[in-house]
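J.: Sharing a structure, written as structure tokens. Questions coming.
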Amino acid sequence: CIIRNCYLMTNGYAGIGCAGSYNVIGGTNAAQRNVISANTNGVYLSSGWSNNTVIGNFIGLDPTGTLTNGNRQIGIAIDGSAKNRIGSITNGARNIISANGGPGIQMRYSNSFQNIVENNYIGTDTNGTAAFGNVGHGILIFWSWSNRVGGTSVSQRNVICGNQSGVRLESGASDYSFGNVIQGNYIGISATGGALSNRTYGIHLQYSPSNTIGGAVSGAGNVIAGGQYGIYMEGTNTCGTIIQGNKIGTDPSGSNARKFTSGGIALGGSRYTQVGGTNEFARNLICGSMQSGVTTADDQGGYHVIEGNYIGVDLGGTLVISNALSGIALNVPYCRIGGTNASQRNVISGNLVGISLAGTNAHHAEILGNYIGVDATGLAALGGQVGIQLYNVRNCEIGRGDGPYGNVIAGMSSDGIYLGSGCAENRIRNNFIGVDAT
């Protein structure tokens, strides 16, 4: 079936209820656009069906696209339906999904898989520059797997602003949201690069394992800004997450702050998170937080790897875009910050504290090969107050003695390394403290 050029409004359930496959809702020009508003749900894709296409529609707006007329619950509900396409890179195929009473898009149940959401404006006006937020999350992925939000080209980018959270992944007691990929989107950033925050989190993962935010190839990174946190993770089941290539707390140029009221990445009780990587495309830019750039929200979880990132500096690694407290603040065990080769080096500068480890659970950390308080060349001081501070921490390594694995820690107004009360059996070896990388 093809449904085009219709006004589907004020119905008691869905504007379009689709119990079928290979249907097309909308089209690639204004004459083919449906206006789907003021229903209970806008579009409902039923369980067991697949391969439907929803493109070029106004979902939650009036026919002019200038006034809100939201559906009372969900803009597009994918309820156990697979391999659907919401939006497309074709000119005019963008959906505007805004001002709805719940999520803009919701994917629910384990047979909602391999759906693609690309090139939509979710929570904005038709220009992507003003907030017409959905009351719920921009996109809610609930017990669903292997869906893709965005892509690696500009034409696949979603603009997701003005909502509760931009994207939320959530799991139940036995069904998990896993294998989902969120890449190339503007989240809390308008289509023109201005500030247009979501109300709480850019991306929120709750009990959801093995998902990817960004990626290690050109164009895969998201720009995430505004609200409370850029990325917020919770639950020990949130494990194996990959966070790479994102600009977190800046504009798309990576040169200007777009601040969070709290932190950039909150790892919560998650485990085995990969933050950054060993090529330039995997590098996260983590700046502009009113608290810490990377933090753990409780003392559960751990085993994280944080490597190859710029934290508190701009995309060129030479100018300060500080986090107000620590660049990295952890209270969980067995984390590695940096590594044994130059590609794993973090540049952590301009923050109040470079790296802070606190609490008896923050044991067996490795802090290796980082530039702390200096620029990406290791030659110019960018400053901070304390380079590395430890409280109640044991069995950590700051540098190693068996190779060129030390940190460069310089330009601090107070201490290069500070060991507070309760610290014991830590090893500090082979670092350059108060001098440049040469």
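All residue names refer to the structure tokens as shown: chains lettered A, B, ... in order, residues numbered from 1 in each chain, ligands numbered from 1 in order.
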Near Asn29 of chain A, counting only C-alpha atoms, which residues have an atom at most 8 Å away, once you skip same-chain residues fewer than 2 positions from it, shown as a PyMOL selection string?

T.: chain A and resi 27+31-33+56+91-93

J.: Quick one: residues within 6 Å of segment 109-122 of chain A, only C-alpha atoms counted, chain neighbours fewer than 3 positions away excluded, as a PDB file with all heavy atoms, in the first residue's frame?

T.:
```pdb
ATOM      1  N   GLY A  80       7.190  -4.352  17.880  1.00  0.00           N
ATOM      2  CA  GLY A  80       7.488  -5.720  17.482  1.00  0.00           C
ATOM      3  C   GLY A  80       7.596  -5.889  15.982  1.00  0.00           C
ATOM      4  O   GLY A  80       7.429  -6.989  15.461  1.00  0.00           O
ATOM      5  N   SER A  81       7.920  -4.827  15.287  1.00  0.00           N
ATOM      6  CA  SER A  81       8.046  -4.844  13.839  1.00  0.00           C
ATOM      7  C   SER A  81       9.505  -4.618  13.455  1.00  0.00           C
ATOM      8  O   SER A  81      10.203  -3.829  14.095  1.00  0.00           O
ATOM      9  CB  SER A  81       7.149  -3.755  13.236  1.00  0.00           C
ATOM     10  OG  SER A  81       7.236  -3.733  11.825  1.00  0.00           O
ATOM     11  N   ALA A  82       9.973  -5.277  12.393  1.00  0.00           N
ATOM     12  CA  ALA A  82      11.403  -5.295  12.067  1.00  0.00           C
ATOM     13  C   ALA A  82      11.679  -4.695  10.687  1.00  0.00           C
ATOM     14  O   ALA A  82      10.815  -4.645   9.820  1.00  0.00           O
ATOM     15  CB  ALA A  82      11.919  -6.729  12.099  1.00  0.00           C
ATOM     16  N   LYS A  83      12.920  -4.228  10.529  1.00  0.00           N
ATOM     17  CA  LYS A  83      13.475  -3.829   9.239  1.00  0.00           C
ATOM     18  C   LYS A  83      12.685  -2.704   8.576  1.00  0.00           C
ATOM     19  O   LYS A  83      12.612  -2.629   7.343  1.00  0.00           O
ATOM     20  CB  LYS A  83      13.587  -5.044   8.303  1.00  0.00           C
ATOM     21  CG  LYS A  83      14.467  -6.153   8.859  1.00  0.00           C
ATOM     22  CD  LYS A  83      14.577  -7.317   7.906  1.00  0.00           C
ATOM     23  CE  LYS A  83      15.456  -8.431   8.497  1.00  0.00           C
ATOM     24  NZ  LYS A  83      15.588  -9.588   7.593  1.00  0.00           N
ATOM     25  N   ASN A  84      12.119  -1.840   9.392  1.00  0.00           N
ATOM     26  CA  ASN A  84      11.433  -0.676   8.858  1.00  0.00           C
ATOM     27  C   ASN A  84      12.406   0.475   8.684  1.00  0.00           C
ATOM     28  O   ASN A  84      13.442   0.552   9.348  1.00  0.00           O
ATOM     29  CB  ASN A  84      10.297  -0.267   9.799  1.00  0.00           C
ATOM     30  CG  ASN A  84       9.310  -1.389  10.009  1.00  0.00           C
ATOM     31  OD1 ASN A  84       8.549  -1.736   9.114  1.00  0.00           O
ATOM     32  ND2 ASN A  84       9.326  -1.995  11.207  1.00  0.00           N
ATOM     33  N   ARG A  85      12.062   1.404   7.810  1.00  0.00           N
ATOM     34  CA  ARG A  85      12.892   2.581   7.561  1.00  0.00           C
ATOM     35  C   ARG A  85      12.077   3.819   7.911  1.00  0.00           C
ATOM     36  O   ARG A  85      11.006   4.063   7.346  1.00  0.00           O
ATOM     37  CB  ARG A  85      13.337   2.641   6.110  1.00  0.00           C
ATOM     38  CG  ARG A  85      14.168   3.872   5.778  1.00  0.00           C
ATOM     39  CD  ARG A  85      14.646   3.849   4.346  1.00  0.00           C
ATOM     40  NE  ARG A  85      15.624   2.802   4.126  1.00  0.00           N
ATOM     41  CZ  ARG A  85      16.924   2.926   4.375  1.00  0.00           C
ATOM     42  NH1 ARG A  85      17.409   4.062   4.868  1.00  0.00           N
ATOM     43  NH2 ARG A  85      17.754   1.929   4.152  1.00  0.00           N
ATOM     44  N   ILE A  86      12.613   4.613   8.851  1.00  0.00           N
ATOM     45  CA  ILE A  86      11.997   5.871   9.255  1.00  0.00           C
ATOM     46  C   ILE A  86      12.900   6.984   8.755  1.00  0.00           C
ATOM     47  O   ILE A  86      13.991   7.199   9.286  1.00  0.00           O
ATOM     48  CB  ILE A  86      11.825   5.956  10.782  1.00  0.00           C
ATOM     49  CG1 ILE A  86      11.167   4.689  11.338  1.00  0.00           C
ATOM     50  CG2 ILE A  86      11.029   7.203  11.154  1.00  0.00           C
ATOM     51  CD1 ILE A  86       9.807   4.372  10.791  1.00  0.00           C
ATOM     52  N   GLY A  87      12.481   7.694   7.717  1.00  0.00           N
ATOM     53  CA  GLY A  87      13.341   8.677   7.076  1.00  0.00           C
ATOM     54  C   GLY A  87      14.263   8.030   6.071  1.00  0.00           C
ATOM     55  O   GLY A  87      14.433   6.799   6.040  1.00  0.00           O
ATOM     56  N   SER A  88      14.881   8.857   5.235  1.00  0.00           N
ATOM     57  CA  SER A  88      15.794   8.356   4.223  1.00  0.00           C
ATOM     58  C   SER A  88      16.684   9.497   3.766  1.00  0.00           C
ATOM     59  O   SER A  88      16.369  10.669   3.949  1.00  0.00           O
ATOM     60  CB  SER A  88      15.016   7.781   3.033  1.00  0.00           C
ATOM     61  OG  SER A  88      15.894   7.385   1.992  1.00  0.00           O
ATOM     62  N   ARG A  94      12.777  13.508   4.797  1.00  0.00           N
ATOM     63  CA  ARG A  94      12.871  13.728   6.238  1.00  0.00           C
ATOM     64  C   ARG A  94      11.481  13.825   6.870  1.00  0.00           C
ATOM     65  O   ARG A  94      10.625  14.581   6.440  1.00  0.00           O
ATOM     66  CB  ARG A  94      13.638  15.013   6.509  1.00  0.00           C
ATOM     67  CG  ARG A  94      13.701  15.413   7.982  1.00  0.00           C
ATOM     68  CD  ARG A  94      14.423  16.736   8.158  1.00  0.00           C
ATOM     69  NE  ARG A  94      15.799  16.628   7.667  1.00  0.00           N
ATOM     70  CZ  ARG A  94      16.348  17.476   6.817  1.00  0.00           C
ATOM     71  NH1 ARG A  94      15.655  18.492   6.345  1.00  0.00           N
ATOM     72  NH2 ARG A  94      17.603  17.305   6.431  1.00  0.00           N
ATOM     73  N   ASN A  95      11.277  13.063   7.949  1.00  0.00           N
ATOM     74  CA  ASN A  95      10.098  13.243   8.795  1.00  0.00           C
ATOM     75  C   ASN A  95      10.386  14.305   9.853  1.00  0.00           C
ATOM     76  O   ASN A  95      11.496  14.370  10.387  1.00  0.00           O
ATOM     77  CB  ASN A  95       9.736  11.939   9.509  1.00  0.00           C
ATOM     78  CG  ASN A  95       9.379  10.823   8.557  1.00  0.00           C
ATOM     79  OD1 ASN A  95       8.340  10.850   7.917  1.00  0.00           O
ATOM     80  ND2 ASN A  95      10.254   9.815   8.469  1.00  0.00           N
ATOM     81  N   ILE A  96       9.372  15.103  10.177  1.00  0.00           N
ATOM     82  CA  ILE A  96       9.419  15.967  11.349  1.00  0.00           C
ATOM     83  C   ILE A  96       8.520  15.315  12.395  1.00  0.00           C
ATOM     84  O   ILE A  96       7.312  15.179  12.183  1.00  0.00           O
ATOM     85  CB  ILE A  96       8.920  17.396  11.044  1.00  0.00           C
ATOM     86  CG1 ILE A  96       9.555  17.928   9.751  1.00  0.00           C
ATOM     87  CG2 ILE A  96       9.210  18.310  12.221  1.00  0.00           C
ATOM     88  CD1 ILE A  96      11.046  18.065   9.777  1.00  0.00           C
ATOM     89  N   ILE A  97       9.122  14.893  13.497  1.00  0.00           N
ATOM     90  CA  ILE A  97       8.412  14.106  14.514  1.00  0.00           C
ATOM     91  C   ILE A  97       8.524  14.865  15.828  1.00  0.00           C
ATOM     92  O   ILE A  97       9.534  14.763  16.534  1.00  0.00           O
ATOM     93  CB  ILE A  97       9.009  12.690  14.629  1.00  0.00           C
ATOM     94  CG1 ILE A  97       9.112  12.025  13.251  1.00  0.00           C
ATOM     95  CG2 ILE A  97       8.183  11.835  15.594  1.00  0.00           C
ATOM     96  CD1 ILE A  97       9.988  10.791  13.210  1.00  0.00           C
ATOM     97  N   SER A  98       7.526  15.655  16.143  1.00  0.00           N
ATOM     98  CA  SER A  98       7.676  16.625  17.227  1.00  0.00           C
ATOM     99  C   SER A  98       6.367  16.821  17.970  1.00  0.00           C
ATOM    100  O   SER A  98       5.273  16.544  17.459  1.00  0.00           O
ATOM    101  CB  SER A  98       8.145  17.972  16.655  1.00  0.00           C
ATOM    102  OG  SER A  98       9.399  17.838  16.023  1.00  0.00           O
ATOM    103  N   GLY A 138      13.229  11.504  22.673  1.00  0.00           N
ATOM    104  CA  GLY A 138      13.217  11.608  21.228  1.00  0.00           C
ATOM    105  C   GLY A 138      13.039  10.248  20.582  1.00  0.00           C
ATOM    106  O   GLY A 138      12.152  10.040  19.746  1.00  0.00           O
ATOM    107  N   TRP A 143      13.818  -3.034  24.810  1.00  0.00           N
ATOM    108  CA  TRP A 143      13.903  -4.476  24.566  1.00  0.00           C
ATOM    109  C   TRP A 143      14.140  -4.776  23.083  1.00  0.00           C
ATOM    110  O   TRP A 143      13.666  -5.789  22.574  1.00  0.00           O
ATOM    111  CB  TRP A 143      12.639  -5.212  25.004  1.00  0.00           C
ATOM    112  CG  TRP A 143      12.189  -5.034  26.412  1.00  0.00           C
ATOM    113  CD1 TRP A 143      12.823  -4.346  27.404  1.00  0.00           C
ATOM    114  CD2 TRP A 143      10.998  -5.545  26.997  1.00  0.00           C
ATOM    115  NE1 TRP A 143      12.098  -4.392  28.561  1.00  0.00           N
ATOM    116  CE2 TRP A 143      10.955  -5.126  28.349  1.00  0.00           C
ATOM    117  CE3 TRP A 143       9.950  -6.314  26.508  1.00  0.00           C
ATOM    118  CZ2 TRP A 143       9.932  -5.442  29.199  1.00  0.00           C
ATOM    119  CZ3 TRP A 143       8.910  -6.639  27.363  1.00  0.00           C
ATOM    120  CH2 TRP A 143       8.900  -6.213  28.697  1.00  0.00           C
ATOM    121  N   SER A 144      14.863  -3.975  22.382  1.00  0.00           N
ATOM    122  CA  SER A 144      15.003  -4.128  20.936  1.00  0.00           C
ATOM    123  C   SER A 144      16.478  -4.151  20.562  1.00  0.00           C
ATOM    124  O   SER A 144      17.311  -3.587  21.263  1.00  0.00           O
ATOM    125  CB  SER A 144      14.296  -2.981  20.211  1.00  0.00           C
ATOM    126  OG  SER A 144      12.927  -2.924  20.584  1.00  0.00           O
ATOM    127  N   TRP A 145      16.812  -4.744  19.425  1.00  0.00           N
ATOM    128  CA  TRP A 145      18.214  -5.000  19.135  1.00  0.00           C
ATOM    129  C   TRP A 145      18.556  -4.707  17.674  1.00  0.00           C
ATOM    130  O   TRP A 145      17.721  -4.754  16.783  1.00  0.00           O
ATOM    131  CB  TRP A 145      18.581  -6.439  19.486  1.00  0.00           C
ATOM    132  CG  TRP A 145      17.727  -7.506  18.848  1.00  0.00           C
ATOM    133  CD1 TRP A 145      16.506  -7.936  19.287  1.00  0.00           C
ATOM    134  CD2 TRP A 145      18.024  -8.274  17.685  1.00  0.00           C
ATOM    135  NE1 TRP A 145      16.025  -8.928  18.476  1.00  0.00           N
ATOM    136  CE2 TRP A 145      16.933  -9.159  17.487  1.00  0.00           C
ATOM    137  CE3 TRP A 145      19.095  -8.318  16.807  1.00  0.00           C
ATOM    138  CZ2 TRP A 145      16.894 -10.070  16.424  1.00  0.00           C
ATOM    139  CZ3 TRP A 145      19.058  -9.218  15.742  1.00  0.00           C
ATOM    140  CH2 TRP A 145      17.967 -10.081  15.577  1.00  0.00           C
ATOM    141  N   SER A 146      19.849  -4.379  17.485  1.00  0.00           N
ATOM    142  CA  SER A 146      20.437  -4.190  16.157  1.00  0.00           C
ATOM    143  C   SER A 146      19.694  -3.156  15.322  1.00  0.00           C
ATOM    144  O   SER A 146      19.549  -3.303  14.104  1.00  0.00           O
ATOM    145  CB  SER A 146      20.522  -5.525  15.398  1.00  0.00           C
ATOM    146  OG  SER A 146      21.448  -6.383  16.025  1.00  0.00           O
ATOM    147  N   ASN A 147      19.241  -2.087  15.956  1.00  0.00           N
ATOM    148  CA  ASN A 147      18.667  -0.963  15.235  1.00  0.00           C
ATOM    149  C   ASN A 147      19.751   0.088  15.008  1.00  0.00           C
ATOM    150  O   ASN A 147      20.706   0.185  15.764  1.00  0.00           O
ATOM    151  CB  ASN A 147      17.502  -0.374  16.022  1.00  0.00           C
ATOM    152  CG  ASN A 147      16.421  -1.413  16.284  1.00  0.00           C
ATOM    153  OD1 ASN A 147      15.709  -1.811  15.380  1.00  0.00           O
ATOM    154  ND2 ASN A 147      16.311  -1.869  17.537  1.00  0.00           N
ATOM    155  N   ARG A 148      19.585   0.888  13.973  1.00  0.00           N
ATOM    156  CA  ARG A 148      20.547   1.952  13.677  1.00  0.00           C
ATOM    157  C   ARG A 148      19.848   3.295  13.690  1.00  0.00           C
ATOM    158  O   ARG A 148      18.844   3.488  13.013  1.00  0.00           O
ATOM    159  CB  ARG A 148      21.237   1.731  12.331  1.00  0.00           C
ATOM    160  CG  ARG A 148      22.109   2.917  11.913  1.00  0.00           C
ATOM    161  CD  ARG A 148      23.066   2.581  10.792  1.00  0.00           C
ATOM    162  NE  ARG A 148      22.438   2.138   9.571  1.00  0.00           N
ATOM    163  CZ  ARG A 148      21.904   2.946   8.651  1.00  0.00           C
ATOM    164  NH1 ARG A 148      21.881   4.256   8.834  1.00  0.00           N
ATOM    165  NH2 ARG A 148      21.381   2.447   7.544  1.00  0.00           N
ATOM    166  N   VAL A 149      20.426   4.230  14.454  1.00  0.00           N
ATOM    167  CA  VAL A 149      19.935   5.602  14.529  1.00  0.00           C
ATOM    168  C   VAL A 149      21.017   6.492  13.949  1.00  0.00           C
ATOM    169  O   VAL A 149      22.084   6.671  14.538  1.00  0.00           O
ATOM    170  CB  VAL A 149      19.615   6.007  15.981  1.00  0.00           C
ATOM    171  CG1 VAL A 149      19.163   7.465  16.050  1.00  0.00           C
ATOM    172  CG2 VAL A 149      18.543   5.089  16.559  1.00  0.00           C
ATOM    173  N   GLY A 150      20.782   7.059  12.762  1.00  0.00           N
ATOM    174  CA  GLY A 150      21.781   7.874  12.090  1.00  0.00           C
ATOM    175  C   GLY A 150      22.646   7.050  11.169  1.00  0.00           C
ATOM    176  O   GLY A 150      22.244   5.986  10.665  1.00  0.00           O
ATOM    177  N   GLN A 156      22.526  11.121   6.527  1.00  0.00           N
ATOM    178  CA  GLN A 156      21.855  10.191   7.445  1.00  0.00           C
ATOM    179  C   GLN A 156      21.616  10.790   8.832  1.00  0.00           C
ATOM    180  O   GLN A 156      20.979  10.169   9.677  1.00  0.00           O
ATOM    181  CB  GLN A 156      22.694   8.920   7.585  1.00  0.00           C
ATOM    182  CG  GLN A 156      22.815   8.114   6.303  1.00  0.00           C
ATOM    183  CD  GLN A 156      23.778   6.959   6.452  1.00  0.00           C
ATOM    184  OE1 GLN A 156      24.947   7.130   6.793  1.00  0.00           O
ATOM    185  NE2 GLN A 156      23.297   5.752   6.194  1.00  0.00           N
ATOM    186  N   ARG A 157      22.106  11.987   9.059  1.00  0.00           N
ATOM    187  CA  ARG A 157      22.074  12.587  10.386  1.00  0.00           C
ATOM    188  C   ARG A 157      20.650  12.898  10.841  1.00  0.00           C
ATOM    189  O   ARG A 157      19.880  13.556  10.141  1.00  0.00           O
ATOM    190  CB  ARG A 157      22.886  13.869  10.393  1.00  0.00           C
ATOM    191  CG  ARG A 157      22.827  14.654  11.701  1.00  0.00           C
ATOM    192  CD  ARG A 157      23.440  16.028  11.543  1.00  0.00           C
ATOM    193  NE  ARG A 157      24.838  15.913  11.152  1.00  0.00           N
ATOM    194  CZ  ARG A 157      25.455  16.760  10.334  1.00  0.00           C
ATOM    195  NH1 ARG A 157      24.788  17.770   9.807  1.00  0.00           N
ATOM    196  NH2 ARG A 157      26.718  16.585  10.032  1.00  0.00           N
ATOM    197  N   ASN A 158      20.303  12.447  12.054  1.00  0.00           N
ATOM    198  CA  ASN A 158      19.099  12.917  12.735  1.00  0.00           C
ATOM    199  C   ASN A 158      19.459  14.107  13.622  1.00  0.00           C
ATOM    200  O   ASN A 158      20.536  14.149  14.217  1.00  0.00           O
ATOM    201  CB  ASN A 158      18.511  11.812  13.620  1.00  0.00           C
ATOM    202  CG  ASN A 158      18.082  10.595  12.829  1.00  0.00           C
ATOM    203  OD1 ASN A 158      17.104  10.622  12.109  1.00  0.00           O
ATOM    204  ND2 ASN A 158      18.842   9.508  12.967  1.00  0.00           N
ATOM    205  N   VAL A 159      18.542  15.051  13.730  1.00  0.00           N
ATOM    206  CA  VAL A 159      18.647  16.144  14.693  1.00  0.00           C
ATOM    207  C   VAL A 159      17.614  15.863  15.775  1.00  0.00           C
ATOM    208  O   VAL A 159      16.410  15.790  15.494  1.00  0.00           O
ATOM    209  CB  VAL A 159      18.405  17.506  14.028  1.00  0.00           C
ATOM    210  CG1 VAL A 159      18.422  18.617  15.069  1.00  0.00           C
ATOM    211  CG2 VAL A 159      19.451  17.762  12.947  1.00  0.00           C
ATOM    212  N   ILE A 160      18.093  15.671  17.008  1.00  0.00           N
ATOM    213  CA  ILE A 160      17.241  15.191  18.096  1.00  0.00           C
ATOM    214  C   ILE A 160      17.378  16.170  19.259  1.00  0.00           C
ATOM    215  O   ILE A 160      18.380  16.154  19.978  1.00  0.00           O
ATOM    216  CB  ILE A 160      17.636  13.765  18.524  1.00  0.00           C
ATOM    217  CG1 ILE A 160      17.703  12.829  17.309  1.00  0.00           C
ATOM    218  CG2 ILE A 160      16.651  13.229  19.562  1.00  0.00           C
ATOM    219  CD1 ILE A 160      18.287  11.457  17.615  1.00  0.00           C
TER     220      ILE A 160
END
```

J.: Tell me, which residues of segment 138-193 of chain A carry DSSP strand (DSSP E or B), written as a list in words?

T.: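 Strand (DSSP E or B) members of segment 138-193 of chain A, listed: Ile139, Leu140, Ile141, Phe142, Trp145, Arg148, Val149, Gly150, Val159, Ile160, Val167, Arg168, Leu169, Glu170, Val181, Ile182, Gln183, Tyr186, Ile187 and Ile189 of chain A.
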
J.: For Val35 of chain A, list every protein, DNA or RNA residue within 9 Å, evaluated using only C-alpha atoms, and leave out those in the same chain fewer than 6 positions away; present the list as a PDB file with N, CA, C and O atoms, in the first residue's frame.

T.:
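File result-v8.pdb, as written:
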```
ATOM      1  N   ASN A   5      -0.210  12.195   0.858  1.00  0.00           N
ATOM      2  CA  ASN A   5      -1.006  13.404   0.704  1.00  0.00           C
ATOM      3  C   ASN A   5      -2.322  13.317   1.464  1.00  0.00           C
ATOM      4  O   ASN A   5      -3.371  13.721   0.961  1.00  0.00           O
ATOM      5  N   CYS A   6      -2.271  12.795   2.686  1.00  0.00           N
ATOM      6  CA  CYS A   6      -3.473  12.668   3.519  1.00  0.00           C
ATOM      7  C   CYS A   6      -3.319  13.479   4.791  1.00  0.00           C
ATOM      8  O   CYS A   6      -2.212  13.661   5.302  1.00  0.00           O
ATOM      9  N   TYR A   7      -4.456  13.957   5.308  1.00  0.00           N
ATOM     10  CA  TYR A   7      -4.530  14.497   6.665  1.00  0.00           C
ATOM     11  C   TYR A   7      -5.160  13.415   7.525  1.00  0.00           C
ATOM     12  O   TYR A   7      -6.334  13.071   7.333  1.00  0.00           O
ATOM     13  N   LEU A   8      -4.393  12.888   8.468  1.00  0.00           N
ATOM     14  CA  LEU A   8      -4.827  11.786   9.333  1.00  0.00           C
ATOM     15  C   LEU A   8      -4.792  12.312  10.757  1.00  0.00           C
ATOM     16  O   LEU A   8      -3.763  12.303  11.416  1.00  0.00           O
ATOM     17  N   MET A   9      -5.947  12.800  11.237  1.00  0.00           N
ATOM     18  CA  MET A   9      -5.961  13.632  12.430  1.00  0.00           C
ATOM     19  C   MET A   9      -7.164  13.309  13.308  1.00  0.00           C
ATOM     20  O   MET A   9      -8.222  12.911  12.823  1.00  0.00           O
ATOM     21  N   ASN A  57       6.971  12.924   6.295  1.00  0.00           N
ATOM     22  CA  ASN A  57       5.715  13.290   6.940  1.00  0.00           C
ATOM     23  C   ASN A  57       5.896  14.337   8.030  1.00  0.00           C
ATOM     24  O   ASN A  57       6.980  14.492   8.593  1.00  0.00           O
ATOM     25  N   PHE A  58       4.798  15.035   8.341  1.00  0.00           N
ATOM     26  CA  PHE A  58       4.687  15.854   9.547  1.00  0.00           C
ATOM     27  C   PHE A  58       3.935  15.014  10.571  1.00  0.00           C
ATOM     28  O   PHE A  58       2.746  14.699  10.372  1.00  0.00           O
ATOM     29  N   ILE A  59       4.597  14.674  11.670  1.00  0.00           N
ATOM     30  CA  ILE A  59       3.985  13.834  12.705  1.00  0.00           C
ATOM     31  C   ILE A  59       4.005  14.620  14.004  1.00  0.00           C
ATOM     32  O   ILE A  59       5.033  14.721  14.672  1.00  0.00           O
ATOM     33  N   GLY A  60       2.871  15.230  14.323  1.00  0.00           N
ATOM     34  CA  GLY A  60       2.756  16.071  15.512  1.00  0.00           C
ATOM     35  C   GLY A  60       2.706  17.551  15.220  1.00  0.00           C
ATOM     36  O   GLY A  60       2.661  18.358  16.154  1.00  0.00           O
ATOM     37  N   LEU A  61       2.689  17.937  13.952  1.00  0.00           N
ATOM     38  CA  LEU A  61       2.591  19.345  13.568  1.00  0.00           C
ATOM     39  C   LEU A  61       1.311  19.591  12.780  1.00  0.00           C
ATOM     40  O   LEU A  61       0.654  18.655  12.318  1.00  0.00           O
ATOM     41  N   ASP A  62       0.965  20.864  12.604  1.00  0.00           N
ATOM     42  CA  ASP A  62      -0.168  21.215  11.748  1.00  0.00           C
ATOM     43  C   ASP A  62       0.269  21.157  10.280  1.00  0.00           C
ATOM     44  O   ASP A  62       1.456  20.974   9.982  1.00  0.00           O
ATOM     45  N   PRO A  63      -0.675  21.289   9.331  1.00  0.00           N
ATOM     46  CA  PRO A  63      -0.295  21.159   7.915  1.00  0.00           C
ATOM     47  C   PRO A  63       0.723  22.186   7.431  1.00  0.00           C
ATOM     48  O   PRO A  63       1.451  21.917   6.467  1.00  0.00           O
TER      49      PRO A  63
END
```

J.: Extract, using only C-alpha atoms, all DNA, RNA and protein residues at most 9 Å from Ile428 of chain A, discarding same-chain residues fewer than 5 positions from it, and format them as a VMD selection string.

T.: chain A and resid 396 to 401 406

J.: Within 7 Å of segment 368-374 of chain A, counting only C-alpha atoms, which residues show up once you throw out same-chain ones fewer than 3 positions away? Write them as an MDAnalysis selection string, please.

T.: chainID A and resid 337:340 345:350 354 378:384 387 398:399 405:412

J.: For a quick check of understanding, using only C-alpha atoms, which of A:Asn284, A:Ala329, A:Cys335, A:Arg72 has the smallest distance to Tyr310 of chain A?

T.: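 Selected residue with least distance to Tyr310 of chain A: A:Asn284.
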
J.: Fewer than 2 positions away in the same chain doesn't count, so skip those; otherwise give me all residues within 9 Å of Gly230 of chain A, counting only C-alpha atoms, as a PyMOL selection string.

T.: chain A and resi 187-188+200-204+224-228+232+248-249+260+262-266+289

J.: What would the file look like if the residues just selected were written as a compact mmCIF listing (two decimals), in the first residue's frame with C-alpha atoms?

T.:
```
# COMPACT_ATOMS: atom_id res chain seq x y z
CA ILE A 187 21.75 15.47 19.87
CA GLY A 188 21.03 18.67 21.77
CA THR A 200 18.00 15.58 30.79
CA TYR A 201 20.41 13.28 28.91
CA GLY A 202 21.69 13.23 25.37
CA ILE A 203 21.88 9.42 25.35
CA HIS A 204 20.70 7.29 28.28
CA ILE A 224 26.06 15.67 21.94
CA ALA A 225 25.49 18.80 24.00
CA GLY A 226 23.30 20.54 26.54
CA GLY A 227 21.05 19.18 29.27
CA GLN A 228 22.38 17.43 32.36
CA TYR A 232 24.42 8.57 31.10
CA ILE A 248 30.59 15.74 23.79
CA GLY A 249 30.04 19.24 25.14
CA PHE A 260 26.21 20.32 30.38
CA SER A 262 26.43 18.04 35.17
CA GLY A 263 28.90 15.79 33.31
CA GLY A 264 29.95 14.63 29.87
CA ILE A 265 29.95 10.83 30.28
CA ALA A 266 28.58 9.19 33.45
CA SER A 289 30.86 20.02 31.74
```

J.: Identify, on the basis of only C-alpha atoms, every residue whose closest approach to Gly254 of chain A does not exceed 12 Å; exclude the query and any residue fewer than 6 positions from it along the same chain; express the result as a list in words.

T.: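 The residues satisfying every condition are Gly193, Gly221, Asn222, Val223, Ile224, Ala225, Gly245, Asn246, Lys247, Ile248, Arg283, Asn284, Leu285, Ile286, Cys287, Gly288, Tyr310, Ile311, Gly312, Val313, Asp314, Leu315, Gly316, Gly317, Thr318, Leu319, Val320 and Ile321 of chain A.
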
J.: Taking into account only C-alpha atoms, which residue in the set A:Gly172, A:Pro252, A:Gly166, A:Gly194 is nearest to Ile231 of chain A?

T.: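 Using only C-alpha atoms, the shortest distance to Ile231 of chain A belongs to A:Gly166.
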